[in-house]
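Novice: One file is attached below, data_6.txt, containing compact mmCIF, C-alpha atoms.
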```txt
# COMPACT_ATOMS: atom_id res chain seq x y z
CA MET K 1 0.00 0.00 0.00
CA GLY K 2 1.73 2.44 0.24
CA ARG K 3 9.42 8.11 1.58
CA PRO K 4 13.75 10.65 3.07
CA VAL K 5 14.67 12.84 1.26
CA SER K 6 16.75 14.32 -1.46
CA GLY K 7 20.48 14.80 -1.38
CA GLN K 8 21.35 12.58 1.58
CA ALA K 9 23.74 9.81 0.64
CA GLY K 10 23.35 6.56 2.50
CA PHE K 11 19.96 7.72 3.69
CA CYS K 12 18.47 4.26 3.60
CA SER K 13 19.56 0.68 3.50
CA VAL K 14 19.98 -1.00 0.11
CA GLN K 15 16.95 -3.17 0.80
CA THR K 16 14.75 -0.19 1.59
CA GLN K 17 16.00 1.53 -1.56
CA LYS K 18 15.00 -1.47 -3.62
CA GLU K 19 11.54 -1.43 -2.08
CA ALA K 20 11.15 2.31 -2.74
CA GLY K 21 12.42 1.83 -6.27
CA SER K 22 9.61 -0.58 -6.94
CA ILE K 23 6.92 1.98 -6.05
CA SER K 24 4.83 2.61 -9.15
CA PHE K 25 4.52 6.03 -10.72
CA ILE K 26 1.84 8.42 -9.57
CA GLN K 27 -0.10 11.18 -11.30
CA THR K 28 1.65 14.57 -10.96
CA GLU K 29 -0.19 16.79 -13.47
CA LEU K 30 -3.75 17.71 -14.33
CA PRO K 31 -5.22 19.23 -17.51
CA ASP K 32 -4.45 22.97 -17.90
CA TYR K 33 -8.05 23.80 -17.01
CA TYR K 34 -7.23 22.91 -13.40
CA ALA K 35 -4.17 25.18 -13.17
CA PRO K 36 -5.89 27.40 -10.55
CA TRP K 37 -6.08 24.45 -8.16
CA MET K 38 -2.59 23.18 -8.87
CA ASN K 39 -0.98 26.64 -8.63
CA VAL K 40 -2.57 27.38 -5.27
CA ALA K 41 -1.70 23.94 -3.87
CA ALA K 42 1.91 24.18 -5.11
CA ASN K 43 2.36 27.59 -3.43
CA LEU K 44 0.36 26.83 -0.33
CA PRO K 45 3.08 27.49 2.31
CA HIS K 46 3.77 30.99 0.93
CA LEU K 47 0.08 31.80 0.55
CA ILE K 48 -0.65 30.72 4.13
CA GLU K 49 2.31 32.59 5.59
CA GLY K 50 1.30 35.72 3.63
CA HIS K 51 -2.37 35.38 4.62
CA GLN K 52 -3.32 35.34 0.94
CA LEU K 53 -5.32 32.12 0.86
CA ARG K 54 -8.61 33.96 1.40
CA ARG K 55 -8.71 35.15 -2.21
CA GLU K 56 -11.56 33.98 -4.39
CA MET K 57 -11.00 30.93 -6.57
CA PRO K 58 -12.97 30.07 -9.70
CA LEU K 59 -15.60 27.34 -9.41
CA LEU K 60 -14.30 24.65 -11.77
CA SER K 61 -16.17 21.68 -13.16
CA THR K 62 -14.88 18.18 -12.45
CA GLN K 63 -16.01 16.86 -15.83
CA TYR K 64 -12.57 17.15 -17.44
CA LEU K 65 -10.90 14.84 -14.95
CA ARG K 66 -10.16 11.46 -16.54
CA GLY K 67 -9.59 8.28 -14.59
CA HIS K 68 -8.79 7.36 -11.01
CA ARG K 69 -5.32 8.92 -10.90
CA GLN K 70 -6.46 12.35 -12.02
CA LEU K 71 -9.29 12.22 -9.50
CA ARG K 72 -6.84 11.31 -6.73
CA LEU K 73 -4.48 14.16 -7.63
CA ALA K 74 -7.31 16.70 -7.85
CA ARG K 75 -8.61 15.52 -4.47
CA LEU K 76 -5.10 15.79 -3.00
CA ALA K 77 -4.70 19.38 -4.20
CA LEU K 78 -8.14 20.43 -2.96
CA GLY K 79 -7.54 18.63 0.34
CA PHE K 80 -4.34 20.56 1.04
CA ILE K 81 -6.00 23.85 0.05
CA THR K 82 -8.97 23.08 2.31
CA MET K 83 -6.81 22.34 5.36
CA GLY K 84 -4.76 25.48 4.72
CA TYR K 85 -7.90 27.59 4.33
CA VAL K 86 -9.53 26.32 7.52
CA TRP K 87 -6.46 26.60 9.77
CA GLN K 88 -4.60 29.56 8.26
CA GLY K 89 -3.74 31.93 11.08
CA GLY K 90 -5.54 29.68 13.53
CA GLY K 91 -8.67 31.42 12.30
CA ARG K 92 -10.76 28.25 12.31
CA GLN K 93 -12.86 29.13 9.29
CA THR K 94 -16.25 27.47 9.70
CA ILE K 95 -17.46 27.82 6.10
CA LEU K 96 -15.62 26.31 3.15
CA PRO K 97 -16.29 28.45 0.05
CA ARG K 98 -18.39 26.99 -2.75
CA ALA K 99 -15.45 27.09 -5.17
CA LEU K 100 -13.62 24.60 -2.94
CA ALA K 101 -16.50 22.71 -1.35
CA VAL K 102 -18.45 21.73 -4.46
CA PRO K 103 -15.63 20.14 -6.52
CA TYR K 104 -13.96 18.68 -3.42
CA CYS K 105 -17.13 16.92 -2.31
CA THR K 106 -17.95 15.80 -5.85
CA ILE K 107 -14.54 14.18 -6.31
CA SER K 108 -14.56 12.70 -2.81
CA GLU K 109 -17.91 11.07 -3.45
CA LEU K 110 -16.61 9.53 -6.67
CA LEU K 111 -13.64 8.08 -4.74
CA ASP K 112 -15.80 7.04 -1.76
CA LEU K 113 -13.74 9.11 0.67
CA PRO K 114 -14.78 11.88 3.10
CA PRO K 115 -14.05 15.50 2.07
CA ILE K 116 -11.06 16.05 4.34
CA LEU K 117 -7.35 15.34 3.95
CA VAL K 118 -6.76 11.74 5.05
CA TYR K 119 -3.69 9.56 5.56
CA ALA K 120 -4.09 7.95 2.14
CA ASP K 121 -3.93 11.43 0.57
CA CYS K 122 -0.97 13.08 2.26
CA VAL K 123 1.12 9.89 2.53
CA LEU K 124 0.15 7.41 -0.18
CA ALA K 125 -0.69 9.91 -2.94
CA ASN K 126 1.57 12.88 -2.10
CA TRP K 127 4.88 11.91 -3.72
CA LYS K 128 6.78 11.84 -6.99
CA LYS K 129 10.09 10.69 -8.44
CA ARG K 130 12.35 13.42 -9.73
CA ASP K 131 14.39 10.78 -11.54
CA PRO K 132 12.30 7.89 -12.93
CA CYS K 133 15.27 5.54 -12.50
CA GLY K 134 16.26 6.73 -9.04
CA TYR K 135 15.65 5.28 -5.60
CA VAL K 136 14.72 6.96 -2.35
CA GLU K 137 16.96 9.99 -2.70
CA ASN K 138 14.89 11.01 -5.73
CA LEU K 139 11.54 11.04 -3.95
CA ASP K 140 9.85 14.33 -3.29
CA ILE K 141 6.41 15.48 -2.14
CA LEU K 142 3.85 17.20 -4.33
CA PHE K 143 2.26 19.55 -1.78
CA SER K 144 3.06 20.74 1.73
CA PHE K 145 2.13 23.09 4.55
CA PRO K 146 4.26 25.74 6.29
CA GLY K 147 7.14 24.16 8.18
CA GLY K 148 9.76 23.69 5.49
CA ASP K 149 11.37 20.32 4.87
CA SER K 150 9.76 18.82 7.98
CA ASN K 151 6.71 18.21 5.76
CA LYS K 152 8.86 16.33 3.30
CA GLY K 153 10.49 14.26 6.00
CA PHE K 154 7.25 13.30 7.70
CA PHE K 155 5.33 12.41 4.55
CA LEU K 156 8.16 10.58 2.80
CA VAL K 157 9.22 8.58 5.84
CA SER K 158 5.59 7.58 6.39
CA LEU K 159 5.46 6.37 2.79
CA LEU K 160 8.62 4.31 3.27
CA VAL K 161 7.14 2.75 6.39
CA GLU K 162 4.11 1.72 4.34
CA ALA K 163 6.28 0.48 1.46
CA ALA K 164 8.31 -1.68 3.86
CA ALA K 165 5.12 -3.57 4.68
CA ALA K 166 4.65 -4.78 1.09
CA ALA K 167 6.04 -8.28 1.61
CA GLY K 168 3.91 -8.74 4.73
CA ILE K 169 0.73 -7.70 2.94
CA LYS K 170 1.54 -10.03 0.05
CA ALA K 171 1.92 -12.87 2.56
CA ILE K 172 -1.65 -12.51 3.82
CA PRO K 173 -3.35 -14.43 0.96
CA ILE K 174 -0.73 -17.16 1.40
CA ILE K 175 -1.61 -17.35 5.10
CA VAL K 176 -5.33 -17.61 4.41
CA ASN K 177 -4.74 -20.32 1.80
CA ALA K 178 -2.46 -22.22 4.20
CA ILE K 179 -5.16 -22.17 6.88
CA LEU K 180 -7.79 -23.43 4.44
CA HIS K 181 -5.56 -26.26 3.22
CA HIS K 182 -3.74 -27.00 6.48
CA GLY K 183 -0.35 -26.07 5.04
CA LEU K 184 1.71 -25.73 8.22
CA CYS K 185 5.09 -25.25 6.53
CA SER K 186 3.89 -22.56 4.13
CA LEU K 187 2.03 -20.87 6.99
CA GLU K 188 5.11 -20.68 9.18
CA THR K 189 7.17 -19.25 6.31
CA ALA K 190 4.51 -16.66 5.54
CA LEU K 191 4.31 -15.63 9.21
CA GLN K 192 8.08 -15.16 9.21
CA ASP K 193 7.65 -12.88 6.19
CA VAL K 194 5.05 -10.83 8.06
CA ALA K 195 7.28 -10.47 11.13
CA LEU K 196 10.26 -9.45 9.01
CA SER K 197 8.11 -6.95 7.14
CA ILE K 198 6.93 -5.30 10.36
CA CYS K 199 10.54 -5.11 11.57
CA LYS K 200 11.43 -3.35 8.31
CA MET K 201 8.63 -0.87 8.95
CA ARG K 202 10.26 0.03 12.27
CA GLU K 203 13.66 0.40 10.61
CA ALA K 204 12.14 2.70 7.98
CA PHE K 205 10.54 4.74 10.77
CA LYS K 206 14.03 5.51 12.14
CA LEU K 207 14.75 7.56 9.04
CA ILE K 208 12.75 10.39 10.59
CA HIS K 209 15.80 11.20 12.73
CA ALA K 210 17.80 12.09 9.62
CA HIS K 211 15.85 15.32 9.29
CA SER K 212 17.52 17.98 11.39
CA VAL K 213 14.64 20.30 10.44
CA TRP K 214 12.58 18.54 13.08
CA GLU K 215 14.83 20.08 15.71
CA ARG K 216 12.92 23.35 15.21
CA PRO K 217 10.06 22.99 17.68
CA CYS K 218 7.34 24.66 15.65
CA ASN K 219 7.98 22.81 12.39
CA CYS K 220 6.37 19.59 13.52
CA PHE K 221 3.68 21.40 15.47
CA LEU K 222 2.69 23.38 12.36
CA LEU K 223 2.22 20.14 10.45
CA HIS K 224 0.20 18.78 13.36
CA VAL K 225 -2.10 21.84 13.31
CA PHE K 226 -2.76 21.84 9.57
CA GLY K 227 -3.75 18.17 9.69
CA THR K 228 -6.27 18.67 12.48
CA SER K 229 -9.85 17.44 12.19
CA TRP K 230 -13.16 19.19 12.66
CA LYS K 231 -14.76 16.33 14.53
CA ASP K 232 -14.52 16.02 18.32
CA ASN K 233 -12.56 19.29 18.21
CA PHE K 234 -13.42 22.02 20.71
CA LEU K 235 -12.06 24.64 18.31
CA MET K 236 -14.76 23.72 15.77
CA PRO K 237 -17.50 22.18 17.91
CA GLU K 238 -20.11 22.16 15.13
CA GLY K 239 -17.78 21.18 12.31
CA LEU K 240 -17.40 22.77 8.87
CA VAL K 241 -20.07 24.05 6.47
CA TYR K 242 -19.42 22.90 2.91
CA GLU K 243 -21.04 25.79 1.03
CA GLY K 244 -23.21 24.69 -1.86
CA VAL K 245 -23.17 21.05 -0.74
CA TRP K 246 -24.76 20.81 2.73
CA ASP K 247 -26.72 23.45 4.62
CA SER K 248 -25.59 22.24 8.03
CA PRO K 249 -22.01 21.75 9.29
CA LYS K 250 -20.35 18.36 8.85
CA GLN K 251 -17.76 16.75 11.09
CA PHE K 252 -14.87 14.62 9.85
CA PHE K 253 -11.72 13.20 11.44
CA GLY K 254 -8.38 14.42 10.12
CA GLY K 255 -5.59 12.26 8.75
CA SER K 256 -4.12 9.82 11.26
CA ALA K 257 -1.94 6.72 11.35
CA ALA K 258 -5.09 5.00 12.64
CA GLN K 259 -6.21 5.24 9.01
CA SER K 260 -3.26 3.12 7.84
CA SER K 261 -4.72 0.16 5.98
CA THR K 262 -1.48 -1.71 6.62
CA LEU K 263 -1.69 -1.57 10.41
CA GLN K 264 -5.34 -2.53 10.47
CA CYS K 265 -4.60 -5.44 8.13
CA PHE K 266 -2.03 -6.79 10.57
CA ASP K 267 -4.40 -6.25 13.51
CA VAL K 268 -7.15 -8.21 11.80
CA LEU K 269 -4.76 -10.92 10.65
CA LEU K 270 -3.40 -11.48 14.17
CA GLY K 271 -6.80 -11.22 15.83
CA ILE K 272 -5.83 -8.18 17.90
CA GLN K 273 -8.90 -6.67 19.59
CA HIS K 274 -8.71 -3.04 20.72
CA SER K 275 -12.34 -2.77 21.84
CA ALA K 276 -11.69 -2.27 25.55
CA ALA K 277 -8.46 -0.31 25.25
CA GLN K 278 -8.78 2.28 28.03
CA GLY K 279 -11.95 3.83 26.70
CA PHE K 280 -11.06 3.62 23.02
CA SER K 281 -13.56 1.34 21.34
CA ALA K 282 -13.47 -0.75 18.22
CA GLU K 283 -16.02 1.74 16.90
CA TYR K 284 -13.32 4.39 16.47
CA LEU K 285 -10.91 2.13 14.59
CA GLY K 286 -13.83 0.77 12.57
CA CYS K 287 -14.76 4.35 11.70
CA MET K 288 -11.20 4.93 10.48
CA ARG K 289 -11.82 2.39 7.73
CA ASP K 290 -14.24 4.87 6.17
CA TYR K 291 -11.20 7.12 5.67
CA MET K 292 -9.30 4.48 3.70
CA PRO K 293 -9.40 3.89 -0.07
CA ALA K 294 -12.36 1.68 -0.94
CA ALA K 295 -10.20 -1.21 -2.19
CA HIS K 296 -8.17 -1.22 1.04
CA ARG K 297 -11.35 -1.18 3.10
CA ALA K 298 -12.74 -4.11 1.14
CA PHE K 299 -9.53 -6.11 1.63
CA ILE K 300 -9.68 -5.65 5.40
CA GLN K 301 -13.36 -6.59 5.51
CA THR K 302 -12.69 -9.73 3.48
CA LEU K 303 -9.81 -10.68 5.77
CA ALA K 304 -11.97 -10.10 8.86
CA SER K 305 -14.66 -12.43 7.51
CA GLY K 306 -12.17 -15.22 6.82
CA PRO K 307 -10.75 -17.98 9.05
CA SER K 308 -9.08 -17.06 12.34
CA LEU K 309 -5.29 -17.35 12.19
CA ARG K 310 -5.00 -17.27 15.97
CA GLN K 311 -7.48 -20.10 16.49
CA PHE K 312 -5.85 -22.18 13.77
CA VAL K 313 -2.39 -21.78 15.30
CA LEU K 314 -3.74 -22.75 18.72
CA ALA K 315 -5.55 -25.75 17.27
CA THR K 316 -2.40 -27.15 15.65
CA GLY K 317 -0.41 -27.19 18.88
CA ASP K 318 2.64 -26.61 16.68
CA ALA K 319 5.48 -24.93 18.60
CA GLY K 320 7.01 -23.44 15.46
CA LEU K 321 3.75 -21.81 14.45
CA HIS K 322 3.22 -20.47 17.97
CA ALA K 323 6.67 -18.89 17.93
CA ALA K 324 6.19 -17.42 14.44
CA PHE K 325 2.81 -15.98 15.43
CA ASN K 326 4.24 -14.40 18.59
CA LYS K 327 7.10 -12.86 16.60
CA CYS K 328 4.54 -11.07 14.47
CA VAL K 329 2.72 -9.75 17.53
CA SER K 330 5.97 -8.73 19.22
CA ALA K 331 7.20 -6.92 16.11
CA LEU K 332 3.91 -5.01 15.84
CA ALA K 333 4.02 -4.04 19.54
CA ASP K 334 7.62 -2.85 19.10
CA LEU K 335 6.59 -0.76 16.09
CA ARG K 336 3.84 0.87 18.13
CA SER K 337 6.21 1.53 21.03
CA TYR K 338 8.56 3.23 18.61
CA HIS K 339 5.67 5.31 17.27
CA ILE K 340 5.09 6.55 20.83
CA GLN K 341 8.76 7.53 21.12
CA ILE K 342 8.60 9.46 17.86
CA ALA K 343 5.36 11.22 18.84
CA THR K 344 6.86 12.21 22.19
CA LYS K 345 10.08 13.54 20.68
CA TYR K 346 8.66 15.34 17.67
CA ILE K 347 5.17 16.43 18.76
CA THR K 348 4.60 16.42 22.52
CA ILE K 349 7.90 17.93 23.67
CA PRO K 350 8.30 20.41 20.78
CA ALA K 351 4.67 21.52 21.11
CA GLY K 352 5.42 22.63 24.66
CA ARG K 353 8.39 24.65 23.45
CA CYS K 354 6.33 25.93 20.55
CA ARG K 355 4.11 27.96 22.84
CA ALA K 356 7.11 30.18 23.62
CA GLU K 357 7.72 30.78 19.91
CA GLN K 358 4.17 31.59 18.87
CA GLN K 359 4.64 35.32 19.23
CA GLN K 360 7.31 35.12 16.51
CA LEU K 361 5.21 33.19 13.99
CA GLY K 362 3.49 36.22 12.52
CA GLY K 363 0.06 34.85 13.32
CA CYS K 364 0.59 31.56 11.52
CA VAL K 365 -0.68 29.62 14.51
CA HIS K 366 -3.24 31.08 16.87
CA LYS K 367 -2.46 30.69 20.57
CA GLY K 368 -5.64 28.67 21.08
CA THR K 369 -4.32 25.89 18.87
CA SER K 370 -1.57 25.08 21.36
CA VAL K 371 -4.08 22.86 23.12
CA LEU K 372 -4.00 20.67 20.00
CA SER K 373 -0.65 19.35 21.20
CA GLU K 374 -2.65 17.04 23.44
CA ARG K 375 -4.87 15.75 20.63
CA GLY K 376 -4.10 13.85 17.47
CA THR K 377 -5.02 15.01 13.98
CA GLY K 378 -7.66 12.30 14.07
CA GLY K 379 -9.35 13.93 17.07
CA THR K 380 -8.17 11.59 19.82
CA GLY K 381 -6.03 12.21 22.89
CA PHE K 382 -3.27 10.71 20.83
CA MET K 383 -0.66 9.69 23.43
CA ARG K 384 -3.26 7.87 25.50
CA PHE K 385 -4.61 6.29 22.33
CA LEU K 386 -1.17 5.14 21.09
CA LYS K 387 -0.32 3.59 24.45
CA ALA K 388 -3.67 1.81 24.66
CA ILE K 389 -3.24 0.34 21.17
CA ARG K 390 0.32 -0.76 22.01
CA ASP K 391 -0.78 -2.40 25.25
CA THR K 392 -3.60 -4.40 23.67
CA THR K 393 -1.21 -5.50 20.93
CA ARG K 394 1.13 -6.94 23.55
CA LYS K 395 -1.74 -8.85 25.14
CA ALA K 396 -2.34 -10.69 21.85
CA GLN K 397 0.72 -12.86 22.44
CA LEU K 398 -0.04 -16.56 22.78
CA THR K 399 0.71 -17.56 26.36
CA GLU K 400 2.61 -20.69 27.37
CA GLN K 401 -0.61 -22.15 28.73
CA GLU K 402 -2.42 -21.58 25.42
CA ALA K 403 0.52 -23.01 23.51
CA THR K 404 0.45 -26.27 25.44
CA VAL K 405 -3.31 -26.89 25.23
CA PRO K 406 -4.40 -27.58 21.66
CA THR K 407 -7.85 -26.24 20.71
CA HIS K 408 -10.31 -28.67 19.14
```
Show me the file's structure as structure tokens.

Specialist:
Amino acid sequence: MGRPVSGQAGFCSVQTQKEAGSISFIQTELPDYYAPWMNVAANLPHLIEGHQLRREMPLLSTQYLRGHRQLRLARLALGFITMGYVWQGGGRQTILPRALAVPYCTISELLDLPPILVYADCVLANWKKRDPCGYVENLDILFSFPGGDSNKGFFLVSLLVEAAAAAGIKAIPIIVNAILHHGLCSLETALQDVALSICKMREAFKLIHAHSVWERPCNCFLLHVFGTSWKDNFLMPEGLVYEGVWDSPKQFFGGSAAQSSTLQCFDVLLGIQHSAAQGFSAEYLGCMRDYMPAAHRAFIQTLASGPSLRQFVLATGDAGLHAAFNKCVSALADLRSYHIQIATKYITIPAGRCRAEQQQLGGCVHKGTSVLSERGTGGTGFMRFLKAIRDTTRKAQLTEQEATVPTH
């Protein structure tokens, strides 16, 4: 499903470079008719910093967009513009102008996604290769928010984390087939592939440290602010009015790693239940599937309706399968622990320091938004949420008692 950044030699391992090199090309241009959208999106940081994003835009028809890739790119551009418009200056605009709202909602409906910037937009669709033959050092982002290269680092590293999961995702159909046909050897091998894949995701995550730009406290906080939702958000308690589409305000969650199809695939595969995780219900994570691409959502639903890997492994009483299963769970828990470390270092701590810098930001972030440091872009109290998810992942390990009592 499913990025490090230019000019840094030795930025990634050879293996990760090979994986990134295999990423297929993505749409980077739209027909000239849509130049007003693309020009604004490409210059978004400067327009936001200069408080110029309030200018009128022409209301363009979506009829000249051809195919899925053009729709995805148009949605990406409008999504970035929308987030910039709403949060520019911390002004919390409550009405999205017709020129943005109408085409954005039309395209979003065609793609079966909500009209807000989601993880699949800013991570999976927001990249390009400057050199078609190059590896990771040639990746770049299409659009960004104020905050300089920290945008590039965050979005590209997130993409590389997703790309590292490719082998694990490909192993899932093999696992299901092995369960159906009682193929213990092929199942154990496939589980080893999943565990290795999750370990590679954690290694790719470490690339975030290569970006010294994150040492500036407000860079990461700016990105955090511009990705914020208008659902369960005290700054926009009623949500956002999409002018010309709905008469009443609508509420949507912002982009979040909880919307990663990859992580939810592994949760479902391993039978990890987060329903009682310190007040965070399965309803929230289930809701996040509505923010995933339709094909990803369908894959997860199909996997969830299939045979239980956990119950099959227990029923075999096979020590090798038990160990392989637990390695997958352990690797996923370690990945989530590392996510907590990253969030602490690059969001929680810097956000505290950011409050002291706000007076020097020229109004780019309103003082009221500092409270957002305690909440994720998806609307949750994100540190509590991340720890709860990590803890329930750990509890999914097969115990010694379970491993010695075969299930019939």

Novice: One decimal, in Å: what's the spacing between atom CA of Leu184 of chain K and atom CA of Ala167 of chain K?

Specialist: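 Taking atom CA of Leu184 of chain K as the start and atom CA of Ala167 of chain K as the end point, the length is 19.2 Å.
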
Novice: One decimal, Å: what's the distance from atom CA of Tyr242 of chain K over to atom CA of Arg54 of chain K, could you say?

Specialist: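 Computing the Euclidean distance for atom CA of Tyr242 of chain K and atom CA of Arg54 of chain K yields 15.5 Å.
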
Novice: For Asp121 of chain K, which of K:Leu59, K:Pro293, K:Gly147, K:Thr106 is the closest residue, counting all atoms listed in the file?

Specialist: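 Between K:Leu59, K:Pro293, K:Gly147, K:Thr106, the residue approaching Asp121 of chain K most closely is K:Pro293.
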
Novice: To one decimal in Å, tell me the separation between atom CA of Arg75 of chain K and atom CA of Glu29 of chain K.

Specialist: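 Taking atom CA of Arg75 of chain K as the start and atom CA of Glu29 of chain K as the end point, the length is 12.4 Å.
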
Novice: Please check which residues have atoms at most 10 Å from (2.3, 3.9, 19.1) in the file's coordinates, counting only C-alpha atoms, and write them as a list of chain:residue names.

Specialist: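 Within 10 Å of (2.3, 3.9, 19.1), the protein and nucleic acid residues are K:Ala257, K:Ala258, K:Leu332, K:Ala333, K:Asp334, K:Leu335, K:Arg336, K:Ser337, K:Tyr338, K:His339, K:Ile340, K:Gln341, K:Ile342, K:Ala343, K:Thr344, K:Phe382, K:Met383, K:Arg384, K:Phe385, K:Leu386, K:Lys387, K:Ala388, K:Ile389, K:Arg390, K:Asp391.
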
Novice: Give as a PDB file with C-alpha atoms, keeping the file's coordinate frame every residue, naming chains and numbers as the document does, that has an atom within 12 Å of (-9.3, -11.3, 0.2), counting all atoms listed in the file.

Specialist:
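Generated output (out24.pdb):
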```
ATOM      1  CA  ILE K 169       0.730  -7.700   2.940  1.00  0.00           C
ATOM      2  CA  LYS K 170       1.540 -10.030   0.050  1.00  0.00           C
ATOM      3  CA  ALA K 171       1.920 -12.870   2.560  1.00  0.00           C
ATOM      4  CA  ILE K 172      -1.650 -12.510   3.820  1.00  0.00           C
ATOM      5  CA  PRO K 173      -3.350 -14.430   0.960  1.00  0.00           C
ATOM      6  CA  ILE K 174      -0.730 -17.160   1.400  1.00  0.00           C
ATOM      7  CA  ILE K 175      -1.610 -17.350   5.100  1.00  0.00           C
ATOM      8  CA  VAL K 176      -5.330 -17.610   4.410  1.00  0.00           C
ATOM      9  CA  ASN K 177      -4.740 -20.320   1.800  1.00  0.00           C
ATOM     10  CA  CYS K 265      -4.600  -5.440   8.130  1.00  0.00           C
ATOM     11  CA  LEU K 269      -4.760 -10.920  10.650  1.00  0.00           C
ATOM     12  CA  ALA K 295     -10.200  -1.210  -2.190  1.00  0.00           C
ATOM     13  CA  HIS K 296      -8.170  -1.220   1.040  1.00  0.00           C
ATOM     14  CA  ARG K 297     -11.350  -1.180   3.100  1.00  0.00           C
ATOM     15  CA  ALA K 298     -12.740  -4.110   1.140  1.00  0.00           C
ATOM     16  CA  PHE K 299      -9.530  -6.110   1.630  1.00  0.00           C
ATOM     17  CA  ILE K 300      -9.680  -5.650   5.400  1.00  0.00           C
ATOM     18  CA  GLN K 301     -13.360  -6.590   5.510  1.00  0.00           C
ATOM     19  CA  THR K 302     -12.690  -9.730   3.480  1.00  0.00           C
ATOM     20  CA  LEU K 303      -9.810 -10.680   5.770  1.00  0.00           C
ATOM     21  CA  ALA K 304     -11.970 -10.100   8.860  1.00  0.00           C
ATOM     22  CA  SER K 305     -14.660 -12.430   7.510  1.00  0.00           C
ATOM     23  CA  GLY K 306     -12.170 -15.220   6.820  1.00  0.00           C
ATOM     24  CA  PRO K 307     -10.750 -17.980   9.050  1.00  0.00           C
TER      25      PRO K 307
END
```
